[in-house]
>>> print(open('target18.cif').read())   # mmCIF, C-alpha atoms and all ligand atoms
data_query
loop_
_atom_site.label_atom_id
_atom_site.label_comp_id
_atom_site.auth_asym_id
_atom_site.auth_seq_id
_atom_site.Cartn_x
_atom_site.Cartn_y
_atom_site.Cartn_z
CA MET A 37 0.00 0.00 0.00
CA PRO A 38 1.40 3.45 -0.80
CA ARG A 39 2.75 5.09 2.35
CA LEU A 40 0.55 8.17 2.09
CA LEU A 41 -2.64 6.12 1.75
CA PHE A 42 -1.59 3.99 4.70
CA LEU A 43 -1.03 7.09 6.86
CA ILE A 44 -4.40 8.56 5.90
CA LEU A 45 -6.15 5.29 6.77
CA LEU A 46 -4.27 5.02 10.05
CA ALA A 47 -5.16 8.59 11.05
CA ALA A 48 -8.80 8.01 10.13
CA SER A 49 -8.97 4.81 12.14
CA LEU A 50 -7.38 6.40 15.22
CA LYS A 51 -9.81 9.31 15.08
CA MET A 52 -12.81 7.02 14.83
CA PRO A 53 -15.06 7.91 17.76
CA ALA A 54 -16.98 5.46 19.93
CA LEU A 55 -19.98 6.32 17.91
CA ALA A 56 -19.89 4.65 14.53
CA GLN A 57 -22.26 7.12 12.99
CA PRO A 58 -23.84 9.90 15.04
CA GLY A 59 -26.56 10.47 12.44
CA SER A 60 -29.59 12.56 13.22
CA GLN A 61 -32.05 11.75 15.92
CA SER A 62 -35.52 12.94 16.64
CA GLU A 63 -36.83 12.02 20.08
CA ASN A 64 -33.69 12.28 22.09
CA SER A 65 -33.03 15.65 23.63
CA GLU A 66 -29.29 14.96 23.86
CA GLN A 67 -28.20 15.97 20.42
CA PRO A 68 -24.84 14.43 19.72
CA SER A 69 -22.27 17.02 18.88
CA ARG A 70 -19.42 16.52 16.50
CA ARG A 71 -17.16 18.68 18.67
CA ARG A 72 -14.12 17.07 20.19
CA GLY A 73 -14.97 15.42 23.46
CA GLY A 74 -18.12 13.78 22.24
CA PHE A 75 -21.65 14.88 23.02
CA GLY A 76 -23.07 18.29 23.69
CA GLY A 77 -24.09 19.46 27.12
CA PRO A 78 -22.81 22.06 29.54
CA ILE A 79 -19.88 20.96 31.69
CA GLU A 80 -19.90 22.46 35.17
CA LEU A 81 -17.31 21.10 37.53
CA GLY A 82 -17.85 21.10 41.28
CA PRO A 83 -15.45 20.59 44.20
CA ASP A 84 -15.89 16.77 44.17
CA ASP A 85 -15.12 16.47 40.48
CA LYS A 86 -11.44 15.64 40.82
CA GLN A 87 -9.02 13.09 39.48
CA THR A 88 -8.55 10.47 42.21
CA TYR A 89 -6.59 7.91 40.18
CA PRO A 90 -3.57 9.08 38.15
CA ASP A 91 -3.33 8.63 34.38
CA PRO A 92 -1.41 5.41 33.74
CA PRO A 93 1.18 5.31 30.97
CA ALA A 94 0.47 4.03 27.46
CA THR A 95 2.41 0.85 28.29
CA ILE A 96 -0.66 -0.58 30.04
CA THR A 97 -1.83 -1.85 26.65
CA ARG A 98 1.58 -2.67 25.18
CA LYS A 99 2.21 -6.32 24.40
CA ARG A 100 5.18 -7.59 26.43
CA ASP A 101 7.54 -10.43 25.66
CA GLY A 102 8.14 -13.16 28.17
CA ILE A 103 4.86 -13.03 30.07
CA ALA A 104 2.14 -15.64 30.14
CA ARG A 105 -0.83 -14.87 27.91
CA GLY A 106 -4.50 -15.50 28.26
CA GLU A 107 -6.81 -16.34 25.40
CA LEU A 108 -9.52 -14.47 23.62
CA GLU A 109 -12.29 -16.44 21.98
CA MET A 110 -15.46 -15.47 20.19
CA VAL A 111 -18.18 -17.60 21.71
CA GLU A 112 -21.74 -18.17 20.52
CA TYR A 113 -24.75 -18.63 22.77
CA GLU A 114 -28.46 -19.13 22.23
CA SER A 115 -30.41 -16.12 23.39
CA LYS A 116 -33.97 -16.90 24.44
CA THR A 117 -34.44 -13.15 24.96
CA VAL A 118 -33.62 -12.22 21.37
CA GLY A 119 -34.42 -15.54 19.67
CA THR A 120 -31.08 -15.71 17.86
CA THR A 121 -27.59 -17.12 18.27
CA ARG A 122 -25.47 -14.25 19.59
CA LYS A 123 -21.76 -13.61 20.02
CA MET A 124 -19.55 -12.60 22.90
CA ASN A 125 -15.82 -12.14 23.17
CA VAL A 126 -14.41 -14.02 26.13
CA TYR A 127 -10.97 -13.57 27.71
CA THR A 128 -9.64 -16.39 29.83
CA PRO A 129 -6.53 -15.63 31.93
CA PRO A 130 -3.10 -17.27 31.49
CA GLY A 131 -3.07 -20.90 32.58
CA TYR A 132 -6.88 -21.11 32.63
CA SER A 133 -7.77 -24.52 33.99
CA ASN A 134 -10.92 -26.45 34.88
CA GLU A 135 -9.19 -27.35 38.12
CA LYS A 136 -9.66 -23.78 39.30
CA LYS A 137 -12.68 -21.52 39.53
CA TYR A 138 -12.52 -17.91 38.39
CA PRO A 139 -14.39 -14.69 39.06
CA VAL A 140 -16.00 -12.97 36.06
CA LEU A 141 -16.11 -9.38 34.85
CA TYR A 142 -18.90 -8.60 32.35
CA LEU A 143 -17.71 -5.64 30.30
CA LEU A 144 -20.15 -3.65 28.15
CA HIS A 145 -19.59 -1.43 25.09
CA GLY A 146 -21.00 1.91 23.88
CA ILE A 147 -23.75 2.88 21.46
CA GLY A 148 -21.54 2.62 18.38
CA GLY A 149 -19.91 -0.64 19.41
CA ASP A 150 -20.44 -4.37 19.64
CA GLU A 151 -18.76 -7.41 21.20
CA THR A 152 -15.43 -6.38 19.62
CA GLU A 153 -15.33 -2.79 20.88
CA TRP A 154 -13.41 -3.21 24.13
CA GLN A 155 -10.80 -5.21 22.27
CA ARG A 156 -10.39 -2.40 19.73
CA PHE A 157 -10.33 0.40 22.32
CA ALA A 158 -8.28 -1.23 25.04
CA THR A 159 -6.79 -4.47 23.66
CA SER A 160 -8.37 -5.97 26.74
CA ASP A 161 -6.43 -9.23 26.47
CA VAL A 162 -3.11 -7.36 26.56
CA LEU A 163 -4.29 -5.06 29.36
CA PHE A 164 -5.35 -8.02 31.52
CA ASP A 165 -2.27 -10.11 30.64
CA ASN A 166 -0.09 -7.21 31.83
CA LEU A 167 -2.07 -6.61 35.03
CA ILE A 168 -2.06 -10.31 35.90
CA ALA A 169 1.66 -10.73 35.07
CA ASP A 170 2.45 -7.87 37.47
CA GLY A 171 0.27 -9.35 40.20
CA LYS A 172 -1.95 -6.26 40.06
CA ALA A 173 -5.18 -8.01 39.13
CA VAL A 174 -6.44 -11.42 40.16
CA PRO A 175 -6.85 -13.90 37.30
CA MET A 176 -10.38 -13.42 36.03
CA ILE A 177 -12.55 -14.16 33.03
CA VAL A 178 -13.65 -11.09 31.10
CA VAL A 179 -16.85 -11.43 29.09
CA MET A 180 -17.53 -8.83 26.41
CA PRO A 181 -21.04 -9.47 25.10
CA ASN A 182 -23.12 -7.50 22.60
CA GLY A 183 -25.35 -5.12 24.55
CA ARG A 184 -27.70 -4.38 21.66
CA ALA A 185 -30.24 -7.12 22.32
CA ARG A 186 -32.10 -7.38 19.04
CA LYS A 187 -31.99 -9.58 15.96
CA ASN A 188 -29.81 -7.23 13.94
CA ASP A 189 -27.27 -6.34 16.59
CA ARG A 190 -24.73 -4.70 14.29
CA ALA A 191 -23.88 -1.04 14.90
CA GLU A 192 -25.30 0.13 11.60
CA GLY A 193 -27.13 3.21 10.36
CA ASN A 194 -28.33 5.65 12.99
CA VAL A 195 -27.00 3.90 16.06
CA PHE A 196 -29.22 5.99 18.37
CA GLU A 197 -32.23 4.09 17.07
CA SER A 198 -30.89 0.98 18.75
CA ALA A 199 -31.01 2.54 22.26
CA PRO A 200 -34.14 0.54 23.30
CA ALA A 201 -32.29 -2.72 22.54
CA PHE A 202 -29.70 -1.71 25.16
CA ALA A 203 -32.50 -1.84 27.75
CA VAL A 204 -33.69 -5.27 26.54
CA PHE A 205 -30.13 -6.51 27.16
CA GLU A 206 -30.89 -6.70 30.89
CA GLN A 207 -32.87 -9.90 30.25
CA ASP A 208 -30.27 -11.26 27.83
CA LEU A 209 -27.47 -10.72 30.35
CA LEU A 210 -29.28 -12.21 33.33
CA ASN A 211 -31.09 -15.08 31.59
CA ASP A 212 -28.85 -16.01 28.66
CA VAL A 213 -25.29 -14.62 28.88
CA ILE A 214 -24.56 -15.44 32.53
CA PRO A 215 -26.01 -18.98 32.39
CA ALA A 216 -24.07 -19.67 29.16
CA ILE A 217 -20.81 -18.51 30.78
CA GLU A 218 -21.46 -20.41 33.99
CA SER A 219 -22.21 -23.63 32.15
CA ARG A 220 -19.24 -23.39 29.79
CA TYR A 221 -16.46 -22.02 31.98
CA SER A 222 -15.12 -22.90 35.36
CA VAL A 223 -16.39 -19.92 37.32
CA LYS A 224 -17.31 -18.90 40.84
CA GLN A 225 -21.06 -18.39 40.78
CA ASP A 226 -21.86 -15.90 43.49
CA ARG A 227 -22.36 -12.15 43.66
CA GLU A 228 -18.96 -11.51 45.20
CA ASN A 229 -17.36 -13.07 42.14
CA ARG A 230 -19.34 -11.19 39.50
CA ALA A 231 -18.51 -7.68 38.31
CA LEU A 232 -20.35 -5.54 35.77
CA ALA A 233 -18.86 -2.48 34.09
CA GLY A 234 -19.09 -0.60 30.85
CA LEU A 235 -18.43 2.50 28.84
CA SER A 236 -21.07 5.10 27.94
CA MET A 237 -24.26 3.18 27.00
CA GLY A 238 -22.56 0.18 28.61
CA GLY A 239 -21.84 2.31 31.70
CA GLY A 240 -25.54 3.20 31.90
CA GLN A 241 -26.45 -0.47 31.45
CA SER A 242 -24.01 -1.51 34.18
CA LEU A 243 -25.46 0.99 36.65
CA ASN A 244 -29.06 0.21 35.66
CA ILE A 245 -28.67 -3.55 35.79
CA GLY A 246 -26.01 -3.80 38.48
CA LEU A 247 -27.46 -1.43 41.04
CA THR A 248 -30.90 -3.04 40.78
CA HIS A 249 -29.36 -6.54 41.05
CA VAL A 250 -26.89 -6.24 43.91
CA ASP A 251 -27.76 -9.84 44.72
CA THR A 252 -26.11 -10.77 41.41
CA PHE A 253 -23.22 -8.28 41.16
CA ALA A 254 -21.13 -6.92 44.04
CA TRP A 255 -18.67 -4.93 41.86
CA ILE A 256 -20.03 -2.25 39.51
CA GLY A 257 -18.43 0.35 37.27
CA GLY A 258 -19.74 3.05 34.93
CA PHE A 259 -17.24 4.91 32.76
CA SER A 260 -18.69 8.06 31.06
CA SER A 261 -22.18 6.71 31.58
CA ALA A 262 -24.72 7.78 28.94
CA PRO A 263 -28.23 9.28 29.25
CA ASN A 264 -29.69 5.76 29.39
CA THR A 265 -28.64 5.83 33.07
CA LYS A 266 -31.74 5.79 35.27
CA SER A 267 -32.32 8.38 38.00
CA PRO A 268 -30.35 7.94 41.25
CA GLU A 269 -33.60 7.37 43.15
CA GLU A 270 -34.49 4.48 40.84
CA LEU A 271 -30.99 3.03 40.95
CA VAL A 272 -30.42 3.28 44.68
CA PRO A 273 -33.85 3.38 46.37
CA ASP A 274 -32.42 1.68 49.45
CA PRO A 275 -29.04 3.26 50.23
CA ALA A 276 -28.55 1.09 53.32
CA LYS A 277 -28.85 -2.09 51.24
CA ALA A 278 -26.49 -0.76 48.59
CA LYS A 279 -24.00 0.19 51.27
CA LYS A 280 -24.14 -3.27 52.77
CA GLN A 281 -24.03 -5.26 49.51
CA LEU A 282 -21.67 -3.37 47.22
CA LYS A 283 -17.99 -4.22 47.29
CA LEU A 284 -17.15 -1.52 44.77
CA LEU A 285 -19.02 1.18 42.90
CA TRP A 286 -16.77 3.00 40.46
CA LEU A 287 -17.94 6.09 38.59
CA SER A 288 -15.69 7.97 36.23
CA CYS A 289 -15.91 10.59 33.54
CA GLY A 290 -13.60 12.94 31.69
CA ASN A 291 -13.90 16.63 32.52
CA LYS A 292 -14.25 17.35 28.79
CA ASP A 293 -17.12 14.90 28.32
CA GLY A 294 -20.49 16.59 27.69
CA LEU A 295 -22.18 13.61 29.40
CA ILE A 296 -20.51 14.29 32.77
CA ARG A 297 -23.72 15.59 34.36
CA ILE A 298 -25.16 12.05 34.21
CA SER A 299 -22.39 10.73 36.45
CA GLN A 300 -22.34 13.88 38.60
CA ARG A 301 -26.03 13.48 39.40
CA LEU A 302 -25.53 9.93 40.69
CA GLN A 303 -22.28 10.79 42.47
CA ARG A 304 -23.94 13.66 44.38
CA TYR A 305 -26.82 11.43 45.41
CA LEU A 306 -24.42 8.71 46.62
CA ASN A 307 -22.56 11.31 48.66
CA GLU A 308 -25.77 12.62 50.16
CA LYS A 309 -26.91 9.10 51.06
CA ASP A 310 -23.52 8.06 52.35
CA VAL A 311 -23.04 5.19 49.87
CA PRO A 312 -19.31 4.51 49.41
CA HIS A 313 -18.05 4.85 45.84
CA ILE A 314 -15.07 5.94 43.80
CA TRP A 315 -15.43 9.03 41.63
CA ASN A 316 -12.60 9.63 39.18
CA VAL A 317 -12.76 12.70 36.95
CA ASP A 318 -9.80 12.81 34.63
CA SER A 319 -9.00 15.30 31.90
CA TYR A 320 -10.20 13.30 28.90
CA GLY A 321 -13.37 13.55 26.80
CA HIS A 322 -15.69 10.83 25.62
CA ASP A 323 -12.83 8.70 24.40
CA PRO A 324 -10.99 5.36 24.54
CA THR A 325 -8.13 6.69 26.67
CA HIS A 326 -10.57 7.47 29.45
CA TRP A 327 -12.13 4.05 29.11
CA ARG A 328 -8.94 1.99 29.14
CA ASN A 329 -7.34 4.05 31.92
CA ASN A 330 -10.37 3.59 34.12
CA LEU A 331 -10.68 -0.10 33.27
CA TYR A 332 -7.00 -0.43 34.27
CA HIS A 333 -7.63 1.00 37.76
CA PHE A 334 -11.05 -0.60 38.24
CA ALA A 335 -9.73 -4.07 37.32
CA GLN A 336 -7.08 -3.87 40.05
CA LEU A 337 -9.69 -3.44 42.76
CA LEU A 338 -11.87 -6.35 41.69
CA PHE A 339 -12.35 -9.46 43.78
CA LYS A 340 -9.98 -8.21 46.50
CA PRO A 341 -10.46 -6.81 49.97
CA PRO A 342 -10.42 -2.98 50.07
CA THR A 343 -6.85 -1.70 49.89
CA ASP A 344 -5.09 1.58 49.23
CA GLU A 345 -6.67 4.95 49.34
CA PRO A 346 -6.64 6.48 45.84
CA ALA A 347 -3.89 8.89 46.87
CA ASN A 348 -1.54 5.94 47.33
CA VAL A 349 -2.18 4.37 43.98
CA LYS A 350 1.00 3.85 42.02
CA VAL A 351 1.22 3.74 38.28
CA PRO A 352 4.25 2.41 36.45
CA ASP A 353 6.83 4.97 35.32
CA ASP A 354 6.92 5.51 31.66
CA ASP A 355 8.64 7.89 29.31
CA SER A 356 5.86 8.03 26.76
CA LYS A 357 2.74 10.12 27.04
CA ASN A 358 -0.42 8.15 27.50
CA ALA A 359 -2.62 9.44 24.75
CA ALA A 360 -1.63 10.52 21.32
CA PRO A 361 -3.69 13.58 20.30
CA SER A 362 -5.30 11.51 17.59
CA ASP A 363 -6.54 9.06 20.20
CA ARG A 364 -8.97 11.55 21.69
CA GLY A 365 -12.63 11.19 20.84
C1 LIG B 401 -27.22 10.22 24.01
C2 LIG B 401 -25.89 10.59 23.88
C3 LIG B 401 -24.91 9.60 23.91
C4 LIG B 401 -27.57 8.87 24.13
C5 LIG B 401 -26.59 7.90 24.14
C6 LIG B 401 -25.25 8.27 24.03
C7 LIG B 401 -29.31 7.29 24.38
C8 LIG B 401 -24.27 7.19 24.02
C9 LIG B 401 -22.98 7.33 23.69
C10 LIG B 401 -22.04 6.20 23.66
O1 LIG B 401 -22.43 5.06 24.00
O2 LIG B 401 -20.88 6.43 23.36
O3 LIG B 401 -28.19 11.14 24.00
O4 LIG B 401 -28.89 8.60 24.24
#
>>> encode(input="target18.cif", output="structure tokens")
Amino acid sequence: MPRLLFLILLAASLKMPALAQPGSQSENSEQPSRRRGGFGGPIELGPDDKQTYPDPPATITRKRDGIARGELEMVEYESKTVGTTRKMNVYTPPGYSNEKKYPVLYLLHGIGGDETEWQRFATSDVLFDNLIADGKAVPMIVVMPNGRARKNDRAEGNVFESAPAFAVFEQDLLNDVIPAIESRYSVKQDRENRALAGLSMGGGQSLNIGLTHVDTFAWIGGFSSAPNTKSPEELVPDPAKAKKQLKLLWLSCGNKDGLIRISQRLQRYLNEKDVPHIWNVDSYGHDPTHWRNNLYHFAQLLFKPPTDEPANVKVPDDDSKNAAPSDRG
């Protein structure tokens, strides 16, 4: 391929936002903006809206020689909810064995994505291989399903039209995805060994599904959660129960993300009701660097007793800057 053409294609692919095709939309009041940083909406930062976990270096997703690797496989399952055979991308950690039982993280994509999105944005297998090799994360299975629960689940056309299918996914996850994983893999099958997290629409799904099913998930994360996120009163009607059941509730958003008010609203409610959580506001927009950096920190807390205060969190030294300008959304 001629060098110039290659460079143009590379630049275009790096600039590709989470949203495959913003398109036009009618009913939704949140008009997507094509400005850098993602979607429109006023950004007003308050005193709590601070970075609590430092930006890790770009090496978190760099493939390293001489470490044990996990495996990524595209798995099919029968969905009674949708009435089709659906796909999910499943990471099993290095040395995966039926002799052991593993905890599971269910990791959900955004409105323009599918079961391959986390792999494209974060090379999740490399990120987890590195964390596990360094003893920073416990060996876990990471399930990346397709959160658009409808017959045509491709991110095609005006992706906003598929928003209702992201709500239907609740039934697919609970009744089809989890049973398929638990019958096929050697996993620990209790709430303290199930985590649910996602980016944008997937962040909203994780909060909506996770917080209303704390008997199923004890570890929940929403990164740049989208307007599909239900109201705080619907999500946490019983703060005492949430406080008792949750092992981790991670909320994060970039301070250049026009969707930040969604996370701020929930964070302020949690504060008011005294429900412990982590709130990490970094300096990114609605973009893959925010998502992989927050996955990196979130993953290290999973399935462990509470440890360091955020202020003590160490990130590896690195000479390179984390995000190339072209990596921003
Ligand atoms: C919206 C703006 C953004 C919306 C969804 C999104 C359902 C999702 C963005 C993403 O997943 O990246 O108004 O409404």
>>> closest_residue(input="target18.cif", among="A:Val126, A:Ala203, A:Val111, A:Ala254", to="A:Leu232", atoms="all atoms listed in the file")
A:Ala254
>>> closest_residue(input="target18.cif", among="A:Thr252, A:Ala231, A:Ile147, A:Glu153", to="A:Asn264", atoms="all atoms listed in the file")
A:Ile147
>>> residues_around(input="target18.cif", residues="A:Gly294", least_positions_apart="3", cutoff="6 Å", atoms="only C-alpha atoms", output="list in words")
Phe75, Gly76, Gly77 and Ile79 of chain A
>>> closest_residue(input="target18.cif", among="A:Phe164, A:Phe259, A:Tyr305, A:Tyr221", to="ligand LIG 401 (chain B)", atoms="all atoms listed in the file")
A:Phe259
>>> closest_residue(input="target18.cif", among="A:Ala233, A:Ala104, A:Leu302, A:Val351", to="A:Pro175", atoms="only C-alpha atoms")
A:Ala104
>>> atom_distance(input="target18.cif", atom1="atom C2 of ligand LIG 401 (chain B)", atom2="atom CA of A:Tyr89")
25.4 Å
>>> atom_distance(input="target18.cif", atom1="atom CA of A:Phe202", atom2="atom CA of A:Gln241")
7.2 Å
>>> residues_around(input="target18.cif", residues="A:Leu287", least_positions_apart="5", cutoff="9 Å", atoms="all atoms listed in the file", output="NGL selection string")
:A and (239 or 256-261 or 299-300 or 302-303 or 313-317)
>>> closest_residue(input="target18.cif", among="A:Gly146, A:Pro312, A:Pro215, A:Pro342", to="ligand LIG 401 (chain B)", atoms="all atoms listed in the file")
A:Gly146
>>> closest_residue(input="target18.cif", among="A:Asp310, A:Asp189, A:Glu206, A:Asp293", to="ligand LIG 401 (chain B)", atoms="only C-alpha atoms and all ligand atoms")
A:Asp293
>>> residues_around(input="target18.cif", residues="A:Thr152", least_positions_apart="6", cutoff="9 Å", atoms="only C-alpha atoms", output="JSON, numbers by chain")
{"A": [124, 125, 145, 180, 181, 182]}
>>> residues_near_point(input="target18.cif", point="(-1.1, -8.9, 26.0)", cutoff="9 Å", atoms="all atoms listed in the file", output="VMD selection string")
chain A and resid 97 to 101 103 to 106 159 to 166
>>> residues_around(input="target18.cif", residues="A:Ile298", least_positions_apart="6", cutoff="10 Å", atoms="only C-alpha atoms", output="PDB file with C-alpha atoms, in the frame of the given file")
ATOM      1  CA  GLY A 240     -25.540   3.200  31.900  1.00  0.00           C
ATOM      2  CA  SER A 260     -18.690   8.060  31.060  1.00  0.00           C
ATOM      3  CA  SER A 261     -22.180   6.710  31.580  1.00  0.00           C
ATOM      4  CA  ALA A 262     -24.720   7.780  28.940  1.00  0.00           C
ATOM      5  CA  PRO A 263     -28.230   9.280  29.250  1.00  0.00           C
ATOM      6  CA  ASN A 264     -29.690   5.760  29.390  1.00  0.00           C
ATOM      7  CA  THR A 265     -28.640   5.830  33.070  1.00  0.00           C
ATOM      8  CA  LYS A 266     -31.740   5.790  35.270  1.00  0.00           C
ATOM      9  CA  SER A 267     -32.320   8.380  38.000  1.00  0.00           C
ATOM     10  CA  PRO A 268     -30.350   7.940  41.250  1.00  0.00           C
ATOM     11  CA  CYS A 289     -15.910  10.590  33.540  1.00  0.00           C
TER      12      CYS A 289
END
>>> build_atoms(input="target18.cif", residues="stretch 160-179 of chain A", atoms="N, CA and C atoms", output="PDB file, in the coordinates of the input")
ATOM      1  N   SER A 160      -8.107  -5.462  25.385  1.00  0.00           N
ATOM      2  CA  SER A 160      -8.370  -5.970  26.740  1.00  0.00           C
ATOM      3  C   SER A 160      -7.538  -7.190  27.099  1.00  0.00           C
ATOM      4  N   ASP A 161      -7.247  -8.061  26.131  1.00  0.00           N
ATOM      5  CA  ASP A 161      -6.430  -9.230  26.470  1.00  0.00           C
ATOM      6  C   ASP A 161      -5.023  -8.807  26.907  1.00  0.00           C
ATOM      7  N   VAL A 162      -4.458  -7.834  26.204  1.00  0.00           N
ATOM      8  CA  VAL A 162      -3.110  -7.360  26.560  1.00  0.00           C
ATOM      9  C   VAL A 162      -3.151  -6.638  27.915  1.00  0.00           C
ATOM     10  N   LEU A 163      -4.161  -5.797  28.097  1.00  0.00           N
ATOM     11  CA  LEU A 163      -4.290  -5.060  29.360  1.00  0.00           C
ATOM     12  C   LEU A 163      -4.383  -6.024  30.546  1.00  0.00           C
ATOM     13  N   PHE A 164      -5.207  -7.067  30.412  1.00  0.00           N
ATOM     14  CA  PHE A 164      -5.350  -8.020  31.520  1.00  0.00           C
ATOM     15  C   PHE A 164      -4.118  -8.912  31.657  1.00  0.00           C
ATOM     16  N   ASP A 165      -3.508  -9.332  30.539  1.00  0.00           N
ATOM     17  CA  ASP A 165      -2.270 -10.110  30.640  1.00  0.00           C
ATOM     18  C   ASP A 165      -1.215  -9.326  31.446  1.00  0.00           C
ATOM     19  N   ASN A 166      -1.085  -8.042  31.142  1.00  0.00           N
ATOM     20  CA  ASN A 166      -0.090  -7.210  31.830  1.00  0.00           C
ATOM     21  C   ASN A 166      -0.410  -7.065  33.313  1.00  0.00           C
ATOM     22  N   LEU A 167      -1.678  -6.784  33.622  1.00  0.00           N
ATOM     23  CA  LEU A 167      -2.070  -6.610  35.030  1.00  0.00           C
ATOM     24  C   LEU A 167      -1.843  -7.901  35.824  1.00  0.00           C
ATOM     25  N   ILE A 168      -2.177  -9.024  35.196  1.00  0.00           N
ATOM     26  CA  ILE A 168      -2.060 -10.310  35.900  1.00  0.00           C
ATOM     27  C   ILE A 168      -0.575 -10.676  36.051  1.00  0.00           C
ATOM     28  N   ALA A 169       0.220 -10.429  35.001  1.00  0.00           N
ATOM     29  CA  ALA A 169       1.660 -10.730  35.070  1.00  0.00           C
ATOM     30  C   ALA A 169       2.325  -9.935  36.205  1.00  0.00           C
ATOM     31  N   ASP A 170       1.867  -8.715  36.424  1.00  0.00           N
ATOM     32  CA  ASP A 170       2.450  -7.870  37.470  1.00  0.00           C
ATOM     33  C   ASP A 170       1.829  -8.104  38.842  1.00  0.00           C
ATOM     34  N   GLY A 171       0.927  -9.061  38.915  1.00  0.00           N
ATOM     35  CA  GLY A 171       0.270  -9.350  40.200  1.00  0.00           C
ATOM     36  C   GLY A 171      -0.670  -8.233  40.628  1.00  0.00           C
ATOM     37  N   LYS A 172      -1.100  -7.408  39.694  1.00  0.00           N
ATOM     38  CA  LYS A 172      -1.950  -6.260  40.060  1.00  0.00           C
ATOM     39  C   LYS A 172      -3.435  -6.585  39.980  1.00  0.00           C
ATOM     40  N   ALA A 173      -3.766  -7.596  39.190  1.00  0.00           N
ATOM     41  CA  ALA A 173      -5.180  -8.010  39.130  1.00  0.00           C
ATOM     42  C   ALA A 173      -5.230  -9.506  39.366  1.00  0.00           C
ATOM     43  N   VAL A 174      -6.311  -9.978  39.974  1.00  0.00           N
ATOM     44  CA  VAL A 174      -6.440 -11.420  40.160  1.00  0.00           C
ATOM     45  C   VAL A 174      -6.840 -12.041  38.817  1.00  0.00           C
ATOM     46  N   PRO A 175      -6.423 -13.272  38.546  1.00  0.00           N
ATOM     47  CA  PRO A 175      -6.850 -13.900  37.300  1.00  0.00           C
ATOM     48  C   PRO A 175      -8.378 -13.964  37.248  1.00  0.00           C
ATOM     49  N   MET A 176      -8.916 -13.434  36.173  1.00  0.00           N
ATOM     50  CA  MET A 176     -10.380 -13.420  36.030  1.00  0.00           C
ATOM     51  C   MET A 176     -10.750 -13.664  34.576  1.00  0.00           C
ATOM     52  N   ILE A 177     -12.013 -14.047  34.389  1.00  0.00           N
ATOM     53  CA  ILE A 177     -12.550 -14.160  33.030  1.00  0.00           C
ATOM     54  C   ILE A 177     -13.222 -12.833  32.708  1.00  0.00           C
ATOM     55  N   VAL A 178     -13.016 -12.348  31.503  1.00  0.00           N
ATOM     56  CA  VAL A 178     -13.650 -11.090  31.100  1.00  0.00           C
ATOM     57  C   VAL A 178     -14.575 -11.390  29.917  1.00  0.00           C
ATOM     58  N   VAL A 179     -15.851 -11.128  30.124  1.00  0.00           N
ATOM     59  CA  VAL A 179     -16.850 -11.430  29.090  1.00  0.00           C
ATOM     60  C   VAL A 179     -17.307 -10.123  28.445  1.00  0.00           C
TER      61      VAL A 179
END
